[in-house]
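A short write-up of the structure that comes next.
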Amino acid sequence: MQCDYFGICGSCRIYESGYHGQLSSKTEEIEEHFSPYFSGKIGIFESKEEHYRSRAEFKVYHDDEGSFYAMNRADKQGVVKISSCSIVHENIARVMQPLLESIRSAGIAHKLFGIDFLTSSSGEVLATLIYHKALDESWSVSAREIESKLGIFIIGRSRKQKIVLTQDYVTETLHIFGRDYRYIHIENSFTQPNALVNEKMISWSMEQLEGVGGDLLELYCGAGNFTIPFATKFDRVLATEISKASISAAKRNMELNGVSNIDFVRLSAEEFTQALDGTREFRRLEGLKVADYHLKTLFVDPPRAGLGEEPCAFAARFDHLLYISCNPETLLRDLELLSQTHEVTAMALFDQFPYTHHLEMGVKLTRKGHL
């Protein structure tokens, strides 16, 4: 990894042994911590060493010399100016400096304090300019000229204000087992930051679901990242998510991919349990009979807090459980509960975040006696 700020900028951490050394270190730690639950071979899925992030957030720092990208220092002692960044996707790296130069030339850098980037592998780039002031029509005129000049999409944000000049999304294409899946990734919504590793996560997960059949229940489905490819493995899929924006995007993505056997519903995990048990009725389920589903497989991709006691008790009802985790610590806690009824039959490590301590993990569990 080539970066003048490696180990100084807060977006990366120091690993003197390089990419494969730091991955080996993380792998050894995972093998040790999870050995009570799995003694088999853990699948290791690497990232690109550079230009892997399709989402990035930068501060904008102003001084007497001008305006610059900046990141918090790793030692938390102020910020460091950024002239280039080798972890962001090539599409973002290509437009970073031309965009900032255009903003300065257009006279719209005043009170700009952040720029967020979102890109797709096909080359679309969306830049969100974040201000400490209200934006007016003159800002829109200047920003439109920059959009046209650089061939990107621009959004302006300030307190209680969002100005979309052309569109607020990019369309990503993932390649899974010889098929292309298209997704609308909306600005300021969660999307997987490492597209290549995301493809590996989905592919590995689909292999774990091979031959299971029946219907699938997915909790925390987001915008359908896993849901839509999974639909090819099951008769029907029932997917839940609490975010209204994510559910809306998921339905758009389902149509975009010509998939028709998914029902997306806006419910929390707790609310779905109540609906399934018949202890509470929801208008959001009107016309949908949950009891008609033959649910024997559960897929979860929860936030960093993991599942916790009650969701784990609910998960224990299913013969097959696939768990994607962005936090090995909470996954380890949940496995202590889940291992009372289920056995871990497969485990994988996905290096979504190179040069950091973070990892994504996948675990396949099967009910004891059902193997």
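Ordered as shown in the structure tokens, chains take letters A, B, and onward, while each chain numbers its residues from 1 and ligands are numbered from 1 in the order shown.
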
Give me, as CSV, the closest atom pair and its distance (Å, one decimal) for every residue of stretch 232-326 of chain A within a cut-off of 12 Å of stretch 186-204 of chain A, counting only C-alpha atoms, rows sorted by chain and rising number.
residue,atom,partner,partner_atom,distance
A:Ser243,CA,A:Ser189,CA,9.8
A:Lys244,CA,A:Ser189,CA,11.0
A:Ala245,CA,A:Ser189,CA,8.0
A:Ser246,CA,A:Ser189,CA,7.5
A:Ile247,CA,A:Ser189,CA,11.3
A:Ser248,CA,A:Ile186,CA,10.5
A:Ala249,CA,A:Ile186,CA,7.7
A:Ala250,CA,A:Ile186,CA,10.8
A:Arg252,CA,A:Ile186,CA,11.2
A:Asn253,CA,A:Ile186,CA,11.2
A:Phe299,CA,A:Ile202,CA,11.9
A:Asp301,CA,A:Met201,CA,11.4
A:Pro303,CA,A:Phe190,CA,10.7
A:Leu322,CA,A:Trp204,CA,10.8
A:Tyr323,CA,A:Met201,CA,11.2
A:Ile324,CA,A:Met201,CA,8.6
A:Ser325,CA,A:Met201,CA,10.9
A:Cys326,CA,A:Gln192,CA,10.7

Restricted to N, CA, C and O atoms, what would the selected residues look like written as an mmCIF file, in the first residue's frame?
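For reference, out_19.cif as written:
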data_model
loop_
_atom_site.group_PDB
_atom_site.id
_atom_site.type_symbol
_atom_site.label_atom_id
_atom_site.label_comp_id
_atom_site.auth_asym_id
_atom_site.auth_seq_id
_atom_site.Cartn_x
_atom_site.Cartn_y
_atom_site.Cartn_z
ATOM 1 N N SER A 243 -35.664 0.097 8.457
ATOM 2 C CA SER A 243 -35.481 1.361 7.752
ATOM 3 C C SER A 243 -36.420 1.465 6.555
ATOM 4 O O SER A 243 -36.376 0.625 5.651
ATOM 5 N N LYS A 244 -37.231 2.507 6.528
ATOM 6 C CA LYS A 244 -38.156 2.717 5.420
ATOM 7 C C LYS A 244 -37.400 2.961 4.115
ATOM 8 O O LYS A 244 -37.783 2.454 3.050
ATOM 9 N N ALA A 245 -36.310 3.741 4.173
ATOM 10 C CA ALA A 245 -35.531 4.024 2.971
ATOM 11 C C ALA A 245 -34.909 2.756 2.411
ATOM 12 O O ALA A 245 -34.868 2.552 1.189
ATOM 13 N N SER A 246 -34.418 1.875 3.286
ATOM 14 C CA SER A 246 -33.807 0.629 2.837
ATOM 15 C C SER A 246 -34.839 -0.294 2.198
ATOM 16 O O SER A 246 -34.562 -0.938 1.167
ATOM 17 N N ILE A 247 -36.019 -0.370 2.791
ATOM 18 C CA ILE A 247 -37.079 -1.204 2.215
ATOM 19 C C ILE A 247 -37.458 -0.695 0.830
ATOM 20 O O ILE A 247 -37.651 -1.471 -0.117
ATOM 21 N N SER A 248 -37.546 0.619 0.689
ATOM 22 C CA SER A 248 -37.868 1.210 -0.610
ATOM 23 C C SER A 248 -36.800 0.854 -1.647
ATOM 24 O O SER A 248 -37.113 0.467 -2.779
ATOM 25 N N ALA A 249 -35.529 0.966 -1.252
ATOM 26 C CA ALA A 249 -34.434 0.625 -2.162
ATOM 27 C C ALA A 249 -34.440 -0.859 -2.490
ATOM 28 O O ALA A 249 -34.166 -1.258 -3.632
ATOM 29 N N ALA A 250 -34.742 -1.699 -1.509
ATOM 30 C CA ALA A 250 -34.775 -3.145 -1.729
ATOM 31 C C ALA A 250 -35.828 -3.521 -2.769
ATOM 32 O O ALA A 250 -35.587 -4.378 -3.633
ATOM 33 N N ARG A 252 -36.956 -1.574 -5.142
ATOM 34 C CA ARG A 252 -36.454 -1.106 -6.440
ATOM 35 C C ARG A 252 -35.412 -2.073 -6.989
ATOM 36 O O ARG A 252 -35.391 -2.381 -8.192
ATOM 37 N N ASN A 253 -34.535 -2.578 -6.120
ATOM 38 C CA ASN A 253 -33.506 -3.510 -6.553
ATOM 39 C C ASN A 253 -34.094 -4.849 -6.995
ATOM 40 O O ASN A 253 -33.588 -5.489 -7.918
ATOM 41 N N PHE A 299 -31.487 -16.205 7.805
ATOM 42 C CA PHE A 299 -30.255 -15.476 7.503
ATOM 43 C C PHE A 299 -30.287 -14.147 8.237
ATOM 44 O O PHE A 299 -31.294 -13.423 8.198
ATOM 45 N N ASP A 301 -27.828 -10.558 9.141
ATOM 46 C CA ASP A 301 -26.649 -9.700 8.973
ATOM 47 C C ASP A 301 -26.879 -8.465 9.834
ATOM 48 O O ASP A 301 -27.158 -7.379 9.332
ATOM 49 N N PRO A 303 -26.436 -5.335 12.783
ATOM 50 C CA PRO A 303 -25.445 -4.278 13.025
ATOM 51 C C PRO A 303 -24.381 -4.749 14.012
ATOM 52 O O PRO A 303 -24.438 -5.880 14.517
ATOM 53 N N LEU A 322 -27.694 -18.933 8.935
ATOM 54 C CA LEU A 322 -26.512 -18.318 8.339
ATOM 55 C C LEU A 322 -26.366 -16.921 8.930
ATOM 56 O O LEU A 322 -27.302 -16.122 8.877
ATOM 57 N N TYR A 323 -25.191 -16.640 9.484
ATOM 58 C CA TYR A 323 -24.964 -15.412 10.253
ATOM 59 C C TYR A 323 -23.754 -14.704 9.653
ATOM 60 O O TYR A 323 -22.643 -15.215 9.661
ATOM 61 N N ILE A 324 -23.983 -13.503 9.110
ATOM 62 C CA ILE A 324 -22.893 -12.633 8.674
ATOM 63 C C ILE A 324 -22.715 -11.562 9.740
ATOM 64 O O ILE A 324 -23.670 -10.908 10.151
ATOM 65 N N SER A 325 -21.483 -11.384 10.197
ATOM 66 C CA SER A 325 -21.208 -10.464 11.302
ATOM 67 C C SER A 325 -20.122 -9.471 10.930
ATOM 68 O O SER A 325 -19.095 -9.844 10.352
ATOM 69 N N CYS A 326 -20.333 -8.204 11.286
ATOM 70 C CA CYS A 326 -19.297 -7.188 11.104
ATOM 71 C C CYS A 326 -18.551 -6.920 12.410
ATOM 72 O O CYS A 326 -17.748 -5.993 12.485
#

- line: Counting only C-alpha atoms, the residue among A:Leu99, A:Val141, A:His358, A:Lys364 that lies closest to A:Val344 is A:Lys364

Residues of stretch 306-359 of chain A that have any atom at most 10 Å from an atom of stretch 216-232 of chain A: could you tabulate them with the shortest-distance atom pair and the distance in Å to one decimal, using only C-alpha atoms, ordered by chain and increasing number, as CSV?
residue,atom,partner,partner_atom,distance
A:Pro311,CA,A:Leu219,CA,10.0
A:Phe318,CA,A:Leu217,CA,9.7
A:His320,CA,A:Leu216,CA,9.7
A:Leu321,CA,A:Leu217,CA,9.8
A:Leu322,CA,A:Glu218,CA,9.5

task: May I ask which of the residues A:Gly278, A:Gly214, A:Gly258, A:Gly362 is the closest one to A:Val300, counting only C-alpha atoms?
output: A:Gly362

field: Selected residue of minimal separation from A:Met347 among A:Gly21, A:Phe34, A:Gly213, A:Ser140, counting only C-alpha atoms
entry: A:Phe34

- prompt: Out of A:Glu145, A:Tyr293, A:Leu338, A:Lys48, which residue has the shortest atom-to-atom distance to A:Ser105 when counting only C-alpha atoms?
  reply: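 Distance minimum relative to A:Ser105 lands on A:Glu145.
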
task: Identify which of the residues A:Trp139, A:Phe234, A:Tyr355, A:Tyr61 lies closest to A:Ile103, counting only C-alpha atoms when measuring atom-to-atom distances.
output: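 Using only C-alpha atoms, A:Ile103 sits closest to A:Trp139.
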
- prompt: Suppose you want the space between atom CA of A:Arg304 and atom CA of A:Leu359; what is it in Å?
  reply: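 Separation of atom CA of A:Arg304 and atom CA of A:Leu359: 11.0 Å.
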
message: Please determine, counting only C-alpha atoms, which residue among A:Leu267, A:Arg236, A:His89, A:Arg179 has the shortest atom-to-atom distance to A:Glu281.
response: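 For A:Glu281, the nearest of the candidates is A:Leu267.
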
task: Give me the residues within 10 Å of stretch 94-96 of chain A as a ChimeraX atom specification, counting only C-alpha atoms and dropping any in the same chain fewer than 4 places off.
output: /A:69,83-85,88-90,100-101,115,117,125,127,150-152

message: Please list as a PyMOL selection string every residue within 12 Å of A:Gly43, counting only C-alpha atoms and excluding residues in the same chain fewer than 4 positions away.
response: chain A and resi 27+30-31+38+200-201+204-205+345-351+360-364

- request: Going by DSSP on the backbone, which bits of stretch 147-321 of chain A are alpha helix (DSSP H)? Write them as JSON, numbers by chain, please.
  value: {"A": [147, 148, 149, 150, 195, 196, 197, 198, 199, 200, 201, 202, 203, 204, 205, 206, 207, 208, 227, 228, 229, 230, 244, 245, 246, 247, 248, 249, 250, 251, 252, 253, 254, 255, 256, 269, 270, 271, 272, 273, 274, 275, 276, 277, 309, 310, 311, 312, 313, 314, 315]}

Just the residues within 12 Å of A:Ala291, please, counting only C-alpha atoms, with nothing from its chain fewer than 4 positions along; format it as an mmCIF file with N, CA, C and O atoms, in the first residue's frame.
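So selection08.cif came out as:
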data_model
loop_
_atom_site.group_PDB
_atom_site.id
_atom_site.type_symbol
_atom_site.label_atom_id
_atom_site.label_comp_id
_atom_site.auth_asym_id
_atom_site.auth_seq_id
_atom_site.Cartn_x
_atom_site.Cartn_y
_atom_site.Cartn_z
ATOM 1 N N ASP A 215 -38.469 -22.146 2.183
ATOM 2 C CA ASP A 215 -38.545 -20.691 2.224
ATOM 3 C C ASP A 215 -37.491 -20.144 3.184
ATOM 4 O O ASP A 215 -37.101 -20.810 4.143
ATOM 5 N N LEU A 238 -38.857 -14.139 2.687
ATOM 6 C CA LEU A 238 -39.491 -13.089 3.479
ATOM 7 C C LEU A 238 -38.383 -12.324 4.166
ATOM 8 O O LEU A 238 -37.607 -12.891 4.941
ATOM 9 N N PHE A 272 -41.223 -8.867 14.113
ATOM 10 C CA PHE A 272 -41.509 -10.037 13.289
ATOM 11 C C PHE A 272 -41.795 -11.253 14.162
ATOM 12 O O PHE A 272 -42.676 -12.062 13.842
ATOM 13 N N THR A 273 -41.056 -11.402 15.251
ATOM 14 C CA THR A 273 -41.312 -12.510 16.169
ATOM 15 C C THR A 273 -42.740 -12.445 16.681
ATOM 16 O O THR A 273 -43.443 -13.464 16.758
ATOM 17 N N ALA A 275 -45.274 -11.041 15.179
ATOM 18 C CA ALA A 275 -46.180 -11.347 14.069
ATOM 19 C C ALA A 275 -46.226 -12.845 13.797
ATOM 20 O O ALA A 275 -47.300 -13.419 13.564
ATOM 21 N N LEU A 276 -45.068 -13.502 13.830
ATOM 22 C CA LEU A 276 -45.005 -14.935 13.565
ATOM 23 C C LEU A 276 -45.734 -15.728 14.639
ATOM 24 O O LEU A 276 -46.415 -16.723 14.343
ATOM 25 N N ASP A 277 -45.626 -15.282 15.877
ATOM 26 C CA ASP A 277 -46.279 -15.977 16.992
ATOM 27 C C ASP A 277 -47.737 -15.581 17.156
ATOM 28 O O ASP A 277 -48.446 -16.148 18.005
ATOM 29 N N GLY A 278 -48.194 -14.611 16.392
ATOM 30 C CA GLY A 278 -49.587 -14.185 16.466
ATOM 31 C C GLY A 278 -49.934 -13.387 17.701
ATOM 32 O O GLY A 278 -51.110 -13.264 18.057
ATOM 33 N N LEU A 285 -48.217 -5.694 7.490
ATOM 34 C CA LEU A 285 -48.289 -7.066 6.978
ATOM 35 C C LEU A 285 -49.635 -7.356 6.326
ATOM 36 O O LEU A 285 -49.921 -8.520 6.006
ATOM 37 N N GLY A 287 -52.415 -8.308 4.043
ATOM 38 C CA GLY A 287 -52.412 -9.075 2.803
ATOM 39 C C GLY A 287 -51.324 -10.128 2.727
ATOM 40 O O GLY A 287 -51.270 -10.893 1.755
ATOM 41 N N LEU A 295 -40.792 -21.760 6.784
ATOM 42 C CA LEU A 295 -39.518 -21.157 7.161
ATOM 43 C C LEU A 295 -38.688 -22.128 8.003
ATOM 44 O O LEU A 295 -38.993 -22.375 9.167
#

task: Could you pull out the residues in stretch 185-371 of chain A that DSSP calls strand (DSSP E or B) from the backbone, as a ChimeraX atom specification?
output: /A:185-186,215-219,236-240,262-265,295-300,320-325,342-350,360-367

task: Calculate how many Å separate atom CA of A:Ala93 from atom CA of A:His51, rounding to one decimal.
output: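 Between atom CA of A:Ala93 and atom CA of A:His51 the gap is 8.1 Å.
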